[in-house]
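Here is the structure we will look at, set down as structure tokens.
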Amino acid sequence: MAATIIDGKEIAKKKRLEIADQVQELKKQGIIPGLAVILVGENQASRTYVNSKQKTAGELGMHNVLIEFPVSITEQELLAKIDELNHDEAIHGILVQLPLPTQISEKKLIEAISPEKDVDGFHPLNIGRMMTGQDAFLPCTPYGVMVMMEEIGIDLSGKHVVIVGRSNIVGKPAGQLFLNENATVTYCHSRTKDLKEQTKQADILVAAVGKAGLITADHIKPGAVVIDVGMNRDEQGKLCGDVAFEEVKDKAGYITPVPGGVGPMTIAMLMYNTLKSAKNHSSKLPDSNR
């Protein structure tokens, strides 16, 4: 029996409707959630992602600002702009679109963003809070995966989750979020010996390594939940994931497609984090200013 397709587009649409309603409620208090996106250079993939984020923010009624810089910008100039945005009361979320030119330290920029406006969830303070189960802005892609799990009604307690990939953006935080829900987590990566032996034990398999078609039917336990975070291009230039979808879907219990799976959830959770930041800001205002 073919796997149930986890429709990220539909789940994200539902979340966006909920966010739009809450944005309207905040507006009644005189607060408009504000998102600032910084784009450096002319990377077309980055521009596509940024355009999608801006379009979604606009549709939800948020204030959104795109700040563009040439690829020649200095690190100091970028840090100065982030400092300015940190103090801008109309901005609740700051996002720097990666990757950045080689003269700029991603680490420095991420750490320069106020943790209270770090809607990407990459600041070390938010990562530390997530690790210890405290309230935090969660990284958007792993957060989107967790919302998917909740939406399809998967009880994560005691489940064996195998994460293929150990990036700071997806792999590592995804494993921690599953661990926070009492799952047993195994991390796999480029130096893992006999990958198939590990992945075949997974009740839930998260593929986030960036290698087209790496995960085949031989990697999957029958009935497993397969979450494909990969965004690749095949030999024909067609968008595809890390999972060989056509063969795996006949063995898995649930599976996400690419496109239309995790991608839409990432943007939805970015909007949720921006809304959350605006709410946090609202709660700190004197009653006369609400």
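If you're wondering about the labels, chains in the structure tokens are A, B, ... by order shown, residues count from 1 in each chain, ligands from 1 in order shown.
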
Problem - Contact residues around Leu98 (chain A) with only C-alpha atoms at 9 Å, ignoring same-chain residues under 3 positions, as a count of residues only - result: 4

Problem - Selection near Ala3 (chain A), 7 Å with only C-alpha atoms, sequence-local residues under 6 positions removed, as a PyMOL selection string - result: chain A and resi 249-255

Can those selected residues be exported to a file as a compact mmCIF listing (two decimals), in the first residue's frame so that it contains all heavy atoms?
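Output contents, as saved in again_25.txt:
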```
# COMPACT_ATOMS: atom_id res chain seq x y z
N LYS A 249 7.86 5.69 -1.62
CA LYS A 249 6.44 5.89 -1.25
C LYS A 249 5.66 4.58 -1.21
O LYS A 249 4.60 4.51 -0.56
CB LYS A 249 5.76 6.87 -2.21
CG LYS A 249 5.50 6.38 -3.61
CD LYS A 249 4.80 7.45 -4.44
CE LYS A 249 4.65 7.05 -5.89
NZ LYS A 249 3.83 5.85 -6.11
N ASP A 250 6.14 3.56 -1.86
CA ASP A 250 5.44 2.27 -1.83
C ASP A 250 5.81 1.43 -0.61
O ASP A 250 5.24 0.36 -0.40
CB ASP A 250 5.74 1.48 -3.11
CG ASP A 250 5.13 2.13 -4.34
OD1 ASP A 250 4.04 2.72 -4.21
OD2 ASP A 250 5.74 2.07 -5.41
N LYS A 251 6.75 1.91 0.18
CA LYS A 251 7.20 1.15 1.35
C LYS A 251 6.95 1.91 2.66
O LYS A 251 6.72 1.31 3.71
CB LYS A 251 8.69 0.83 1.21
CG LYS A 251 9.20 -0.18 2.21
CD LYS A 251 10.64 -0.57 1.87
CE LYS A 251 11.16 -1.64 2.82
NZ LYS A 251 12.57 -1.99 2.52
N ALA A 252 6.99 3.24 2.59
CA ALA A 252 6.79 4.07 3.79
C ALA A 252 5.32 4.12 4.20
O ALA A 252 4.43 3.80 3.41
CB ALA A 252 7.31 5.48 3.52
N GLY A 253 5.09 4.55 5.45
CA GLY A 253 3.73 4.76 5.92
C GLY A 253 3.25 6.17 5.61
O GLY A 253 2.11 6.39 5.20
N TYR A 254 4.16 7.12 5.81
CA TYR A 254 3.92 8.54 5.49
C TYR A 254 5.17 9.06 4.79
O TYR A 254 6.29 8.63 5.10
CB TYR A 254 3.69 9.38 6.75
CG TYR A 254 2.41 9.13 7.48
CD1 TYR A 254 2.33 8.12 8.45
CD2 TYR A 254 1.28 9.91 7.25
CE1 TYR A 254 1.16 7.90 9.15
CE2 TYR A 254 0.10 9.69 7.94
CZ TYR A 254 0.04 8.68 8.89
OH TYR A 254 -1.12 8.47 9.58
N ILE A 255 4.99 10.03 3.90
CA ILE A 255 6.14 10.62 3.22
C ILE A 255 5.83 12.05 2.78
O ILE A 255 4.68 12.36 2.45
CB ILE A 255 6.55 9.75 2.00
CG1 ILE A 255 7.90 10.21 1.42
CG2 ILE A 255 5.47 9.76 0.93
CD1 ILE A 255 8.49 9.25 0.40
```

Practice task
Looking only at strand (DSSP E or B) from DSSP on the backbone, list the matching residues of region 72-272 of chain A as JSON, numbers by chain.
Solution key: {"A": [93, 94, 95, 96, 160, 161, 162, 163, 164, 184, 185, 186, 187, 188, 204, 205, 206, 207, 215, 225, 226, 227, 228, 232, 233, 239, 240, 243, 254, 255]}

May I have the residues from that selection written out with C-alpha atoms, as a PDB file, in the first residue's frame?
```pdb
ATOM      1  CA  GLY A  93      11.959  39.872  13.294  1.00  0.00           C
ATOM      2  CA  ILE A  94      15.328  40.148  11.558  1.00  0.00           C
ATOM      3  CA  LEU A  95      16.431  37.638   8.963  1.00  0.00           C
ATOM      4  CA  VAL A  96      19.727  37.610   7.063  1.00  0.00           C
ATOM      5  CA  HIS A 160      13.171   5.850  17.109  1.00  0.00           C
ATOM      6  CA  VAL A 161      14.054   8.853  14.974  1.00  0.00           C
ATOM      7  CA  VAL A 162      17.032   8.723  12.619  1.00  0.00           C
ATOM      8  CA  ILE A 163      18.333  12.054  11.315  1.00  0.00           C
ATOM      9  CA  VAL A 164      20.521  11.896   8.207  1.00  0.00           C
ATOM     10  CA  THR A 184      15.069   8.212  20.862  1.00  0.00           C
ATOM     11  CA  VAL A 185      17.333   9.949  18.348  1.00  0.00           C
ATOM     12  CA  THR A 186      20.196   8.679  16.190  1.00  0.00           C
ATOM     13  CA  TYR A 187      22.272  11.087  14.091  1.00  0.00           C
ATOM     14  CA  CYS A 188      23.848   9.892  10.843  1.00  0.00           C
ATOM     15  CA  ILE A 204      10.743   8.254  11.640  1.00  0.00           C
ATOM     16  CA  LEU A 205      13.479   9.082   9.134  1.00  0.00           C
ATOM     17  CA  VAL A 206      14.480  12.693   8.469  1.00  0.00           C
ATOM     18  CA  ALA A 207      16.665  13.134   5.373  1.00  0.00           C
ATOM     19  CA  ILE A 215      17.587   7.482   0.503  1.00  0.00           C
ATOM     20  CA  VAL A 225       7.445   8.095   8.439  1.00  0.00           C
ATOM     21  CA  VAL A 226       9.843   9.658   5.909  1.00  0.00           C
ATOM     22  CA  ILE A 227      10.498  13.408   6.060  1.00  0.00           C
ATOM     23  CA  ASP A 228      12.481  14.756   3.112  1.00  0.00           C
ATOM     24  CA  ASN A 232      18.270  19.488  -4.930  1.00  0.00           C
ATOM     25  CA  ARG A 233      18.173  19.499  -8.727  1.00  0.00           C
ATOM     26  CA  LEU A 239      13.573  20.040  -8.097  1.00  0.00           C
ATOM     27  CA  CYS A 240      13.915  16.913  -5.973  1.00  0.00           C
ATOM     28  CA  VAL A 243      14.641  10.640  -0.973  1.00  0.00           C
ATOM     29  CA  TYR A 254       3.921   8.542   5.485  1.00  0.00           C
ATOM     30  CA  ILE A 255       6.141  10.616   3.218  1.00  0.00           C
TER      31      ILE A 255
END
```

Exercise for the section: Pick out the residues sitting within 12 Å of Lys172 (chain A), and hand them over as a PyMOL selection string; count only C-alpha atoms, and ignore anything fewer than 2 positions along from it in its own chain. Expected result: chain A and resi 122+127+130-131+139+141-142+162-170+174-179+185-189+206+208-209

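Closest approach to Leu109 (chain A) among A:Ser190, A:Thr266, A:Thr74, A:Ser157: A:Thr74, based on only C-alpha atoms.
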
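From CA of Asp155 (chain A) back to CA of Asp120 (chain A), the distance works out to 26.3 Å.
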
Handout entry: Length of the CA of Pro222 (chain A) to CA of Ala183 (chain A) vector [Å]
Key = 18.9 Å

Problem - Every residue of region 78-169 of chain A that DSSP places in alpha helix (DSSP H), as a ChimeraX atom specification - result: /A:78-86,106-112,124-131,140-151
